[in-house]
Amino acid sequence: MIDWMRLTPLDTTGTSFGCADDHPGFADPDYVRRRNHIAALAEGHRVGEPSPEVHYTEAEHATWRAVYGALLVAQDRWACPEVLRARESAPIPADGVPQHETISDRLQALTGFRFTLAGGIVPNKRFLGAMADGYFHAVQYVRHPSMPLYTPEPDVLHDVFGHGIHLSDPFFADLYRTVGRAAARVESADALDLISRVYWFTLEYGTVLTRRGPRAYGAALLSSSGELGRFARAELLPFDLAELARLPYQVAGYQPVLFTVDSLAHLADLLHGFLDDFDETTRDRHRLPALSERGFMSRPDPA
């Protein structure tokens, strides 16, 4: 049995990073104070309001530059062609951490999306539902500098390199809005959890079959050079709603099981087919397990 809370990620050389809950991003008190200071800027933030400017340190800019170089190489090798084309338009600077508003202005010109500020993981209703109106919740803090290839929680690199690429492209932006419209129509924890799981195993951790083998399109994969280097060694299953709903997953740590689609056109058909008429009866209509019967989900707590 997999111990989901004690997964040990590896970087692309096979070096162990240790357990997710021992990551220095949680254990370094100076880093945690800095992370929490930046996260606190999101307190009381209303969706759509401008994000405050963050004065990043030279060390944080250096972490950005190190990850930037590693991610370009890893994405060139393991990302699907559609993602690489989207990256050409994405507002990803090479020299340092960008401000939210700079990224948002570029995204809005391309697809109508903007970043809206988050201090960490956001409740499903707010996070998913905001996508219907073209807002994606994003954080501003930078991962720990000692392990730039892996972070156990989303950071600004994840949001810009993963979701920023997606939201630069009309095809992916449409799928985000499709998720958002479904979430906006429902209120129950059961329905929102089901949408969240579909989102997690597609737009965060989705893979697609290509002529060159499986390739990544999910934002969490695109923003982790370590995970890009080993995702093809995960257990890759054909996309299946019932199996997806039953599978446990955790936000911290590499995912041992991923779902794959035949093409991105196949992905769009699946998501639109499931979400376009999604309501509180969808679970029963598709004979999917109730919330109490689904695999557990765990999240990191840096506090």
# chains A, B, ... in the order shown; residues from 1 in each chain; ligands from 1

$ closest_atom_pairs --of "stretch 108-160 of chain A" --to "stretch 27-35 of chain A" --cutoff "12 Å" --atoms "only C-alpha atoms" --output "JSON lines"
{"residue": "A:Gly119", "atom": "CA", "partner": "A:Arg35", "partner_atom": "CA", "distance": 9.3}
{"residue": "A:Gly120", "atom": "CA", "partner": "A:Arg35", "partner_atom": "CA", "distance": 9.9}
{"residue": "A:Val139", "atom": "CA", "partner": "A:Arg35", "partner_atom": "CA", "distance": 10.1}
{"residue": "A:Gln140", "atom": "CA", "partner": "A:Arg35", "partner_atom": "CA", "distance": 8.8}
{"residue": "A:Tyr141", "atom": "CA", "partner": "A:Arg35", "partner_atom": "CA", "distance": 5.7}
{"residue": "A:Val142", "atom": "CA", "partner": "A:Arg35", "partner_atom": "CA", "distance": 7.5}
{"residue": "A:Arg143", "atom": "CA", "partner": "A:Arg35", "partner_atom": "CA", "distance": 8.5}
{"residue": "A:His144", "atom": "CA", "partner": "A:Tyr31", "partner_atom": "CA", "distance": 7.0}
{"residue": "A:Pro145", "atom": "CA", "partner": "A:Tyr31", "partner_atom": "CA", "distance": 9.2}
{"residue": "A:Ser146", "atom": "CA", "partner": "A:Asp28", "partner_atom": "CA", "distance": 10.4}
{"residue": "A:Pro152", "atom": "CA", "partner": "A:Ala27", "partner_atom": "CA", "distance": 12.0}
{"residue": "A:Glu153", "atom": "CA", "partner": "A:Arg35", "partner_atom": "CA", "distance": 11.4}
{"residue": "A:Pro154", "atom": "CA", "partner": "A:Arg35", "partner_atom": "CA", "distance": 11.7}
{"residue": "A:Asp155", "atom": "CA", "partner": "A:Arg35", "partner_atom": "CA", "distance": 9.6}
{"residue": "A:Val156", "atom": "CA", "partner": "A:Arg35", "partner_atom": "CA", "distance": 11.1}

$ closest_atom_pairs --of "stretch 142-225 of chain A" --to "stretch 275-288 of chain A" --cutoff "7 Å" --atoms "only C-alpha atoms" --output "JSON lines"
{"residue": "A:Thr178", "atom": "CA", "partner": "A:Leu275", "partner_atom": "CA", "distance": 6.7}
{"residue": "A:Val179", "atom": "CA", "partner": "A:Leu275", "partner_atom": "CA", "distance": 6.7}
{"residue": "A:Ala182", "atom": "CA", "partner": "A:Phe278", "partner_atom": "CA", "distance": 5.6}
{"residue": "A:Arg185", "atom": "CA", "partner": "A:Asp279", "partner_atom": "CA", "distance": 6.4}
{"residue": "A:Val186", "atom": "CA", "partner": "A:Asp279", "partner_atom": "CA", "distance": 5.9}
{"residue": "A:Ala191", "atom": "CA", "partner": "A:Glu280", "partner_atom": "CA", "distance": 6.1}

$ write_last_selection --atoms "C-alpha atoms" --output "tab-separated table (two decimals), in the first residue's frame"
chain	number	residue	atom	x	y	z
A	178	THR	CA	-15.63	25.08	-18.81
A	179	VAL	CA	-14.49	23.92	-15.36
A	182	ALA	CA	-19.64	23.83	-13.99
A	185	ARG	CA	-23.73	25.98	-11.08
A	186	VAL	CA	-23.38	23.78	-8.01
A	191	ALA	CA	-20.34	18.08	-6.65

$ residues_around --residues "stretch 163-171 of chain A" --least-positions-apart "3" --cutoff "6 Å" --atoms "only C-alpha atoms" --output "JSON list (two decimals) with N, CA and C atoms, in the first residue's frame"
[["chain", "number", "residue", "atom", "x", "y", "z"],
["A", 86, "ALA", "N", 2.05, 26.92, -27.16],
["A", 86, "ALA", "CA", 1.45, 27.91, -26.26],
["A", 86, "ALA", "C", 2.53, 28.67, -25.51],
["A", 87, "ARG", "N", 3.62, 28.01, -25.16],
["A", 87, "ARG", "CA", 4.69, 28.65, -24.40],
["A", 87, "ARG", "C", 5.31, 29.82, -25.17],
["A", 90, "ALA", "N", 3.47, 32.79, -24.07],
["A", 90, "ALA", "CA", 3.28, 32.96, -22.63],
["A", 90, "ALA", "C", 4.21, 34.03, -22.07],
["A", 107, "LEU", "N", -1.84, 38.14, -20.20],
["A", 107, "LEU", "CA", -2.84, 37.08, -20.34],
["A", 107, "LEU", "C", -4.17, 37.63, -20.84],
["A", 110, "LEU", "N", -4.34, 38.08, -24.43],
["A", 110, "LEU", "CA", -4.31, 36.85, -25.21],
["A", 110, "LEU", "C", -5.60, 36.06, -25.12],
["A", 111, "THR", "N", -6.17, 35.93, -23.91],
["A", 111, "THR", "CA", -7.33, 35.05, -23.72],
["A", 111, "THR", "C", -8.41, 35.65, -22.83],
["A", 159, "ASP", "N", 2.52, 28.67, -10.87],
["A", 159, "ASP", "CA", 1.40, 29.38, -11.48],
["A", 159, "ASP", "C", 1.79, 30.00, -12.82],
["A", 160, "VAL", "N", 2.98, 30.58, -12.92],
["A", 160, "VAL", "CA", 3.36, 31.24, -14.17],
["A", 160, "VAL", "C", 3.80, 30.23, -15.22],
["A", 174, "ASP", "N", -10.32, 27.96, -22.75],
["A", 174, "ASP", "CA", -11.70, 27.49, -22.87],
["A", 174, "ASP", "C", -11.98, 26.36, -21.88],
["A", 219, "ALA", "N", -0.53, 21.45, -15.75],
["A", 219, "ALA", "CA", 0.28, 22.56, -15.24],
["A", 219, "ALA", "C", 1.23, 22.15, -14.13]]

$ select_by_dssp --residues "stretch 88-287 of chain A" --states "helix (DSSP H, G or I)" --output "PyMOL selection string"
chain A and resi 100-111+124-133+156-166+170-184+189-204+219-222+225-228+231-233+241-246+264-275+282-285

$ closest_residue --among "A:Ala234, A:Ala290, A:Ile92, A:Ala216" --to "A:Asp190" --atoms "only C-alpha atoms"
A:Ala290

$ closest_residue --among "A:Arg77, A:Val47, A:Pro214, A:Leu222" --to "A:Tyr135" --atoms "only C-alpha atoms"
A:Val47

$ atom_distance --atom1 "atom CA of A:Ala220" --atom2 "atom CA of A:His158"
6.6 Å

$ atom_distance --atom1 "atom CA of A:Pro238" --atom2 "atom CA of A:Thr260"
5.1 Å

$ atom_distance --atom1 "atom CA of A:Arg114" --atom2 "atom CA of A:Asp193"
23.9 Å

$ select_by_dssp --residues "stretch 193-293 of chain A" --states "strand (DSSP E)" --output "list of chain:residue names"
A:Thr207, A:Val208, A:Leu209, A:Thr210, A:Gly213, A:Pro214, A:Arg215, A:Ala216, A:Glu235, A:Leu236, A:Leu237, A:Pro238, A:Tyr249, A:Gln250, A:Val257, A:Leu258, A:Phe259, A:Thr260, A:Val261

$ residues_around --residues "A:Arg46" --least-positions-apart "5" --cutoff "10 Å" --atoms "only C-alpha atoms" --output "VMD selection string"
chain A and resid 51 116 to 118

$ write_last_selection --atoms "N, CA and C atoms" --output "mmCIF file, in the first residue's frame"
data_model
loop_
_atom_site.group_PDB
_atom_site.id
_atom_site.type_symbol
_atom_site.label_atom_id
_atom_site.label_comp_id
_atom_site.auth_asym_id
_atom_site.auth_seq_id
_atom_site.Cartn_x
_atom_site.Cartn_y
_atom_site.Cartn_z
ATOM 1 N N SER A 51 -3.403 42.669 -7.718
ATOM 2 C CA SER A 51 -2.490 42.086 -6.730
ATOM 3 C C SER A 51 -1.472 43.125 -6.302
ATOM 4 N N THR A 116 -5.760 36.321 -10.054
ATOM 5 C CA THR A 116 -6.307 36.961 -8.872
ATOM 6 C C THR A 116 -5.610 36.348 -7.671
ATOM 7 N N LEU A 117 -5.382 37.131 -6.639
ATOM 8 C CA LEU A 117 -4.434 36.759 -5.594
ATOM 9 C C LEU A 117 -4.950 35.661 -4.677
ATOM 10 N N ALA A 118 -4.076 34.706 -4.387
ATOM 11 C CA ALA A 118 -4.320 33.661 -3.398
ATOM 12 C C ALA A 118 -3.160 33.646 -2.411
#

$ closest_residue --among "A:Arg212, A:Ala74, A:Glu43, A:Arg106" --to "A:Gly226" --atoms "only C-alpha atoms"
A:Ala74

$ residues_around --residues "A:Arg126" --least-positions-apart "6" --cutoff "10 Å" --atoms "only C-alpha atoms" --output "list in words"
Val47, Phe136, His137, Gly180, Ala183 and Ala184 of chain A

$ closest_residue --among "A:Gly206, A:Gly229, A:Pro148, A:Gly96" --to "A:Thr57" --atoms "only C-alpha atoms"
A:Gly96
